[in-house]
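Heads up, upload.pdb below (PDB, C-alpha atoms):
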ATOM      1  CA  MET A   1    -102.238   5.338 -21.186
ATOM      2  CA  THR A   2     -99.201   6.017 -18.985
ATOM      3  CA  CYS A   3     -97.268   2.832 -19.837
ATOM      4  CA  GLY A   4     -96.760   3.791 -23.493
ATOM      5  CA  PRO A   5     -97.821   2.448 -26.888
ATOM      6  CA  ALA A   6     -96.166  -0.961 -26.370
ATOM      7  CA  ALA A   7     -98.200  -1.716 -23.213
ATOM      8  CA  ALA A   8    -100.427  -4.785 -23.415
ATOM      9  CA  LEU A   9    -104.039  -3.668 -23.135
ATOM     10  CA  ASP A  10    -106.885  -6.015 -22.283
ATOM     11  CA  ARG A  11    -110.436  -5.220 -23.319
ATOM     12  CA  ASP A  12    -113.218  -6.032 -20.912
ATOM     13  CA  PRO A  13    -115.567  -8.267 -22.943
ATOM     14  CA  LEU A  14    -118.618  -6.942 -21.104
ATOM     15  CA  ALA A  15    -117.868  -3.203 -21.288
ATOM     16  CA  PRO A  16    -116.056  -0.796 -23.571
ATOM     17  CA  VAL A  17    -113.099  -0.526 -21.174
ATOM     18  CA  LEU A  18    -109.391  -1.062 -21.839
ATOM     19  CA  ARG A  19    -107.190  -2.094 -18.940
ATOM     20  CA  CYS A  20    -103.388  -1.886 -18.844
ATOM     21  CA  ALA A  21    -101.989  -5.225 -17.673
ATOM     22  CA  ARG A  22     -98.890  -3.467 -16.303
ATOM     23  CA  CYS A  23    -100.328  -0.667 -14.159
ATOM     24  CA  GLY A  24    -104.045  -1.502 -13.997
ATOM     25  CA  ALA A  25    -105.135   1.861 -15.459
ATOM     26  CA  GLU A  26    -108.506   1.800 -17.203
ATOM     27  CA  GLU A  27    -109.823   3.851 -20.085
ATOM     28  CA  ARG A  28    -113.293   3.819 -21.596
ATOM     29  CA  VAL A  29    -113.366   3.371 -25.343
ATOM     30  CA  PRO A  30    -116.354   3.748 -27.622
ATOM     31  CA  ALA A  31    -117.608   0.477 -29.080
ATOM     32  CA  LEU A  32    -118.533   2.007 -32.430
ATOM     33  CA  PRO A  33    -118.349  -0.337 -35.393
ATOM     34  CA  LEU A  34    -115.998  -0.179 -38.356
ATOM     35  CA  PHE A  35    -117.395  -0.887 -41.814
ATOM     36  CA  VAL A  36    -115.050  -2.330 -44.440
ATOM     37  CA  VAL A  37    -115.892  -2.263 -48.143
ATOM     38  CA  THR A  38    -113.553  -4.926 -49.515
ATOM     39  CA  GLY A  39    -113.029  -6.452 -52.943
ATOM     40  CA  ALA A  40    -110.345  -7.461 -55.378
ATOM     41  CA  SER A  41    -108.333  -4.771 -57.146
ATOM     42  CA  GLY A  42    -110.505  -3.340 -59.895
ATOM     43  CA  ALA A  43    -113.807  -4.210 -58.205
ATOM     44  CA  GLY A  44    -114.720  -0.540 -57.636
ATOM     45  CA  LYS A  45    -113.701   0.342 -54.069
ATOM     46  CA  THR A  46    -112.002   3.625 -54.964
ATOM     47  CA  THR A  47    -114.833   4.549 -57.331
ATOM     48  CA  VAL A  48    -117.531   4.280 -54.637
ATOM     49  CA  THR A  49    -115.585   6.228 -52.005
ATOM     50  CA  GLY A  50    -116.709   9.664 -53.222
ATOM     51  CA  PRO A  51    -120.406   8.773 -53.515
ATOM     52  CA  LEU A  52    -120.264   7.097 -50.075
ATOM     53  CA  ARG A  53    -118.890  10.316 -48.555
ATOM     54  CA  ARG A  54    -121.853  12.233 -49.957
ATOM     55  CA  LEU A  55    -124.374   9.619 -48.791
ATOM     56  CA  LEU A  56    -122.865   9.128 -45.318
ATOM     57  CA  PRO A  57    -121.921  12.648 -44.132
ATOM     58  CA  ASP A  58    -121.923  11.536 -40.475
ATOM     59  CA  CYS A  59    -119.333   8.818 -41.168
ATOM     60  CA  ALA A  60    -115.634   9.120 -41.910
ATOM     61  CA  VAL A  61    -115.190   7.445 -45.316
ATOM     62  CA  PHE A  62    -111.649   6.594 -46.434
ATOM     63  CA  GLU A  63    -110.001   4.821 -49.340
ATOM     64  CA  ALA A  64    -107.356   2.563 -47.769
ATOM     65  CA  ASP A  65    -104.681   3.343 -50.374
ATOM     66  CA  LEU A  66    -104.511   6.841 -48.879
ATOM     67  CA  THR A  67    -101.875   5.584 -46.429
ATOM     68  CA  LEU A  68    -100.260   2.943 -48.636
ATOM     69  CA  GLN A  69     -96.793   4.373 -47.953
ATOM     70  CA  VAL A  70     -97.193   3.098 -44.364
ATOM     71  CA  ALA A  71     -97.184  -0.446 -45.798
ATOM     72  CA  ALA A  72     -93.432   0.008 -46.351
ATOM     73  CA  LEU A  73     -93.224  -0.563 -42.581
ATOM     74  CA  GLY A  74     -95.113  -3.857 -43.007
ATOM     75  CA  TRP A  75     -98.688  -4.806 -43.868
ATOM     76  CA  GLU A  76     -99.587  -5.467 -40.234
ATOM     77  CA  THR A  77     -98.400  -1.955 -39.326
ATOM     78  CA  TRP A  78    -100.502  -0.528 -42.160
ATOM     79  CA  ARG A  79    -103.613  -2.417 -41.012
ATOM     80  CA  ASP A  80    -102.982  -1.490 -37.373
ATOM     81  CA  THR A  81    -102.651   2.168 -38.387
ATOM     82  CA  TRP A  82    -106.084   2.071 -40.030
ATOM     83  CA  LEU A  83    -107.662   0.570 -36.911
ATOM     84  CA  ARG A  84    -106.013   3.247 -34.772
ATOM     85  CA  LEU A  85    -107.453   5.898 -37.097
ATOM     86  CA  ALA A  86    -110.881   4.242 -36.816
ATOM     87  CA  HIS A  87    -110.490   4.400 -33.028
ATOM     88  CA  GLY A  88    -109.622   8.104 -33.284
ATOM     89  CA  GLU A  89    -112.772   8.713 -35.319
ATOM     90  CA  ALA A  90    -114.792   6.738 -32.746
ATOM     91  CA  LEU A  91    -113.407   8.985 -29.982
ATOM     92  CA  ASN A  92    -114.953  11.841 -31.976
ATOM     93  CA  GLY A  93    -118.246   9.946 -32.165
ATOM     94  CA  ARG A  94    -117.892   9.043 -35.842
ATOM     95  CA  VAL A  95    -118.120   5.644 -37.473
ATOM     96  CA  MET A  96    -115.449   4.864 -40.079
ATOM     97  CA  VAL A  97    -116.096   3.288 -43.462
ATOM     98  CA  LEU A  98    -112.859   1.934 -44.939
ATOM     99  CA  CYS A  99    -112.718   0.971 -48.623
ATOM    100  CA  GLY A 100    -109.820  -1.416 -49.225
ATOM    101  CA  SER A 101    -108.804  -5.009 -49.885
ATOM    102  CA  LEU A 102    -108.911  -6.233 -46.306
ATOM    103  CA  LEU A 103    -110.020  -9.481 -44.690
ATOM    104  CA  PRO A 104    -111.539 -10.161 -41.268
ATOM    105  CA  ASP A 105    -108.649 -12.318 -40.041
ATOM    106  CA  GLN A 106    -106.126  -9.666 -41.102
ATOM    107  CA  LEU A 107    -107.817  -7.066 -38.893
ATOM    108  CA  ASP A 108    -108.496  -9.416 -35.994
ATOM    109  CA  ALA A 109    -104.748 -10.131 -35.775
ATOM    110  CA  VAL A 110    -103.494  -6.558 -35.205
ATOM    111  CA  PRO A 111    -102.976  -4.949 -31.773
ATOM    112  CA  ALA A 112    -105.419  -2.058 -32.334
ATOM    113  CA  ARG A 113    -108.332  -4.454 -32.926
ATOM    114  CA  LYS A 114    -109.265  -4.243 -29.234
ATOM    115  CA  LEU A 115    -109.830  -0.487 -29.622
ATOM    116  CA  LEU A 116    -112.924  -1.009 -31.770
ATOM    117  CA  GLY A 117    -116.383  -2.447 -31.569
ATOM    118  CA  PRO A 118    -117.635  -4.881 -34.225
ATOM    119  CA  ILE A 119    -116.191  -4.867 -37.737
ATOM    120  CA  HIS A 120    -118.655  -5.430 -40.584
ATOM    121  CA  PHE A 121    -117.595  -6.348 -44.123
ATOM    122  CA  CYS A 122    -119.255  -6.123 -47.497
ATOM    123  CA  ASP A 123    -117.745  -7.144 -50.826
ATOM    124  CA  LEU A 124    -117.604  -5.384 -54.174
ATOM    125  CA  ASP A 125    -117.468  -7.841 -57.046
ATOM    126  CA  CYS A 126    -117.774  -8.138 -60.810
ATOM    127  CA  PRO A 127    -117.451 -10.942 -63.374
ATOM    128  CA  ASP A 128    -113.919 -12.120 -64.172
ATOM    129  CA  ASP A 129    -113.929 -10.657 -67.701
ATOM    130  CA  VAL A 130    -114.957  -7.224 -66.379
ATOM    131  CA  LEU A 131    -112.303  -7.385 -63.663
ATOM    132  CA  ALA A 132    -109.649  -8.336 -66.229
ATOM    133  CA  ALA A 133    -110.632  -5.450 -68.515
ATOM    134  CA  ARG A 134    -110.526  -2.972 -65.630
ATOM    135  CA  LEU A 135    -107.089  -4.185 -64.513
ATOM    136  CA  ARG A 136    -105.714  -4.017 -68.080
ATOM    137  CA  ALA A 137    -106.993  -0.425 -68.412
ATOM    138  CA  ARG A 138    -105.078   0.814 -65.368
ATOM    139  CA  PRO A 139    -101.917   2.906 -65.762
ATOM    140  CA  SER A 140     -98.713   0.884 -66.218
ATOM    141  CA  TRP A 141     -97.299   2.028 -62.850
ATOM    142  CA  ARG A 142    -100.039  -0.046 -61.151
ATOM    143  CA  HIS A 143     -98.469  -3.247 -62.564
ATOM    144  CA  SER A 144    -101.896  -4.852 -62.817
ATOM    145  CA  SER A 145    -102.172  -5.832 -66.479
ATOM    146  CA  SER A 146    -100.123  -9.049 -66.595
ATOM    147  CA  GLU A 147    -102.096 -12.261 -66.952
ATOM    148  CA  THR A 148    -100.506 -13.567 -63.738
ATOM    149  CA  VAL A 149    -101.692 -10.561 -61.703
ATOM    150  CA  ILE A 150    -105.145 -10.655 -63.301
ATOM    151  CA  ALA A 151    -105.529 -14.369 -62.458
ATOM    152  CA  GLU A 152    -104.434 -13.668 -58.876
ATOM    153  CA  HIS A 153    -107.091 -10.967 -58.461
ATOM    154  CA  GLN A 154    -109.738 -13.178 -60.062
ATOM    155  CA  ARG A 155    -108.943 -15.950 -57.563
ATOM    156  CA  PHE A 156    -109.142 -13.447 -54.700
ATOM    157  CA  ALA A 157    -112.504 -12.169 -56.029
ATOM    158  CA  ALA A 158    -113.823 -15.750 -56.174
ATOM    159  CA  TRP A 159    -112.784 -16.342 -52.557
ATOM    160  CA  LEU A 160    -114.409 -13.096 -51.396
ATOM    161  CA  ARG A 161    -117.593 -13.936 -53.302
ATOM    162  CA  THR A 162    -118.060 -17.085 -51.246
ATOM    163  CA  HIS A 163    -116.910 -15.716 -47.865
ATOM    164  CA  ILE A 164    -118.034 -12.074 -47.537
ATOM    165  CA  GLN A 165    -121.685 -11.011 -47.586
ATOM    166  CA  PRO A 166    -123.363  -8.808 -48.628
ATOM    167  CA  CYS A 167    -121.815  -8.742 -52.076
ATOM    168  CA  TYR A 168    -122.547  -6.012 -54.642
ATOM    169  CA  ASP A 169    -121.944  -6.525 -58.388
ATOM    170  CA  THR A 170    -120.366  -3.306 -59.639
ATOM    171  CA  SER A 171    -120.847  -4.346 -63.268
ATOM    172  CA  ALA A 172    -124.632  -4.382 -62.826
ATOM    173  CA  LEU A 173    -124.840  -1.107 -60.863
ATOM    174  CA  THR A 174    -123.502   2.403 -61.416
ATOM    175  CA  PRO A 175    -121.069   3.709 -58.784
ATOM    176  CA  ASP A 176    -123.861   5.849 -57.318
ATOM    177  CA  GLU A 177    -126.245   2.869 -57.181
ATOM    178  CA  THR A 178    -123.569   0.699 -55.582
ATOM    179  CA  ALA A 179    -122.807   3.398 -53.012
ATOM    180  CA  ALA A 180    -126.530   3.783 -52.270
ATOM    181  CA  GLN A 181    -126.840   0.057 -51.550
ATOM    182  CA  ILE A 182    -123.742   0.093 -49.324
ATOM    183  CA  ALA A 183    -124.992   3.184 -47.470
ATOM    184  CA  ALA A 184    -128.381   1.515 -46.900
ATOM    185  CA  TRP A 185    -126.614  -1.608 -45.539
ATOM    186  CA  ILE A 186    -124.536   0.559 -43.178
ATOM    187  CA  ARG A 187    -127.594   2.474 -41.959
ATOM    188  CA  ARG A 188    -129.455  -0.778 -41.300
ATOM    189  CA  ARG A 189    -126.504  -2.117 -39.261
ATOM    190  CA  LEU A 190    -126.265   1.133 -37.299
ATOM    191  CA  ASP A 191    -130.016   1.230 -36.630
ATOM    192  CA  GLY A 192    -130.257  -2.437 -35.662
TER     193      GLY A 192
END
Entire entry expressed as structure tokens:
Amino acid sequence: MTCGPAAALDRDPLAPVLRCARCGAEERVPALPLFVVTGASGAGKTTVTGPLRRLLPDCAVFEADLTLQVAALGWETWRDTWLRLAHGEALNGRVMVLCGSLLPDQLDAVPARKLLGPIHFCDLDCPDDVLAARLRARPSWRHSSSETVIAEHQRFAAWLRTHIQPCYDTSALTPDETAAQIAAWIRRRLDG
């Protein structure tokens, strides 16, 4: 809009329209949803990204760590950047699927949230011993093998397990099977 990126935009709750509080300009925005595949580190988000791309060719599927360098500007800036990218995909008529450790309240709090339609979450999970083994097997530069870090991710996984549904156990399914279940969930949400 003409007032610049810092302008306060209000979304009409009844229509996909953004309105600039400063100048009154209006712009239609698509109300396409965003799908977030969340989970603790080591749950399998990166692993399912490739199969999801193959299964959902009409969607833009991204692994959130792709832009991790943006987090140096702050986590809110990083999250806001992803929502702006989802908005850009929506302007092209494409739904975004974002695989990364994100939470609903984290995305609801960023300025670009008003650019999107509904945000749907699913959780990737696995038993604590499997998660610990996966984190220990990562390269040392990931700094994920200490018992303190492992316990932190196990606590996060336990919280997600009780708060985010649907939940897919990546220790019981292959990456392709997990991706197929996620893709079916996304298609059902898009069709319904």
Practice problem: Name all residues at most 10 Å from region 104-112 of chain A (count all atoms listed in the file; drop same-chain ones fewer than 6 positions away) and give them as a ChimeraX atom specification. | Solution: /A:6,8-9,36,38,75-87,119-121,164
Quiz item: What does the PyMOL selection byres ((chain A and resi 43-47) around 10) select in this file, as an NGL selection string?
Solution: :A and (37-42 or 48-52 or 62-65 or 98-101 or 123-128 or 130-132 or 134-135 or 153 or 157 or 168-171 or 174-176 or 178-179)
Quiz item: Which is closest to Arg189 (chain A) among A:Cys122, A:Ser140, A:Ile150, A:Phe156, if we use all atoms listed in the file?
Solution: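 Of the candidates, the smallest distance to Arg189 (chain A) is held by A:Cys122.
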Quiz item: Expressed in Å to a single decimal, how great is the separation between CA of Ala184 (chain A) and CA of Phe35 (chain A)?
Solution: 12.3 Å
Exercise. Provide the CA of Leu173 (chain A) to CA of Arg138 (chain A) distance in Å, to one decimal place.
Key: 20.4 Å
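One finds CA of Ala158 (chain A) at 28.2 Å from CA of Leu190 (chain A).
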Practice problem: Determine, counting all atoms listed in the file, which protein, DNA and RNA residues have an atom within 8 Å of an atom of Met96 (chain A); residues of the same chain fewer than 4 positions away are not included. Present the result as a VMD selection string. | Solution: chain A and resid 33 to 35 59 to 62 86 89 to 90
Where atoms are lacking, region 90-101 of chain A completed to all heavy atoms, as a CSV table (one decimal), keeping the file's coordinate frame:
chain,number,residue,atom,x,y,z
A,90,ALA,N,-113.8,7.2,-33.7
A,90,ALA,CA,-114.8,6.7,-32.7
A,90,ALA,C,-114.7,7.6,-31.5
A,90,ALA,O,-115.8,8.0,-30.9
A,90,ALA,CB,-114.6,5.3,-32.4
A,91,LEU,N,-113.5,8.1,-31.1
A,91,LEU,CA,-113.4,9.0,-30.0
A,91,LEU,C,-114.1,10.3,-30.3
A,91,LEU,O,-114.6,11.0,-29.4
A,91,LEU,CB,-111.9,9.2,-29.6
A,91,LEU,CG,-111.2,8.0,-29.1
A,91,LEU,CD1,-109.7,8.4,-28.9
A,91,LEU,CD2,-111.8,7.6,-27.7
A,92,ASN,N,-114.2,10.6,-31.6
A,92,ASN,CA,-115.0,11.8,-32.0
A,92,ASN,C,-116.4,11.5,-32.2
A,92,ASN,O,-117.1,12.4,-32.7
A,92,ASN,CB,-114.3,12.4,-33.2
A,92,ASN,CG,-113.0,13.1,-32.9
A,92,ASN,OD1,-112.8,13.7,-31.9
A,92,ASN,ND2,-112.0,12.8,-33.8
A,93,GLY,N,-116.9,10.3,-32.0
A,93,GLY,CA,-118.2,9.9,-32.2
A,93,GLY,C,-118.6,9.6,-33.6
A,93,GLY,O,-119.8,9.6,-33.9
A,94,ARG,N,-117.6,9.3,-34.4
A,94,ARG,CA,-117.9,9.0,-35.8
A,94,ARG,C,-117.5,7.6,-36.2
A,94,ARG,O,-116.5,7.1,-35.8
A,94,ARG,CB,-117.1,10.0,-36.7
A,94,ARG,CG,-117.6,11.4,-36.7
A,94,ARG,CD,-116.7,12.4,-37.4
A,94,ARG,NE,-116.4,12.0,-38.7
A,94,ARG,CZ,-116.9,12.5,-39.9
A,94,ARG,NH1,-117.9,13.3,-39.8
A,94,ARG,NH2,-116.4,12.1,-41.0
A,95,VAL,N,-118.4,7.0,-37.0
A,95,VAL,CA,-118.1,5.6,-37.5
A,95,VAL,C,-117.3,5.8,-38.7
A,95,VAL,O,-117.5,6.7,-39.5
A,95,VAL,CB,-119.5,5.0,-37.8
A,95,VAL,CG1,-119.3,3.7,-38.6
A,95,VAL,CG2,-120.3,4.7,-36.5
A,96,MET,N,-116.3,4.9,-38.9
A,96,MET,CA,-115.4,4.9,-40.1
A,96,MET,C,-115.9,3.8,-41.1
A,96,MET,O,-116.3,2.7,-40.7
A,96,MET,CB,-114.0,4.6,-39.7
A,96,MET,CG,-113.1,4.6,-41.0
A,96,MET,SD,-111.4,4.1,-40.7
A,96,MET,CE,-110.7,5.7,-40.0
A,97,VAL,N,-115.9,4.2,-42.3
A,97,VAL,CA,-116.1,3.3,-43.5
A,97,VAL,C,-114.8,3.3,-44.2
A,97,VAL,O,-114.3,4.3,-44.7
A,97,VAL,CB,-117.2,3.8,-44.4
A,97,VAL,CG1,-117.4,2.8,-45.6
A,97,VAL,CG2,-118.5,3.9,-43.6
A,98,LEU,N,-114.2,2.1,-44.3
A,98,LEU,CA,-112.9,1.9,-44.9
A,98,LEU,C,-113.0,1.1,-46.2
A,98,LEU,O,-113.4,-0.1,-46.1
A,98,LEU,CB,-111.9,1.3,-44.0
A,98,LEU,CG,-110.4,1.1,-44.4
A,98,LEU,CD1,-109.8,2.4,-44.8
A,98,LEU,CD2,-109.7,0.4,-43.3
A,99,CYS,N,-112.6,1.7,-47.3
A,99,CYS,CA,-112.7,1.0,-48.6
A,99,CYS,C,-111.3,0.5,-49.0
A,99,CYS,O,-110.5,1.3,-49.3
A,99,CYS,CB,-113.2,1.9,-49.7
A,99,CYS,SG,-114.9,2.6,-49.3
A,100,GLY,N,-111.1,-0.8,-48.9
A,100,GLY,CA,-109.8,-1.4,-49.2
A,100,GLY,C,-109.8,-2.9,-49.2
A,100,GLY,O,-110.7,-3.5,-48.6
A,101,SER,N,-108.9,-3.5,-49.8
A,101,SER,CA,-108.8,-5.0,-49.9
A,101,SER,C,-108.3,-5.6,-48.6
A,101,SER,O,-107.1,-5.8,-48.4
A,101,SER,CB,-107.9,-5.4,-51.0
A,101,SER,OG,-108.4,-5.1,-52.3
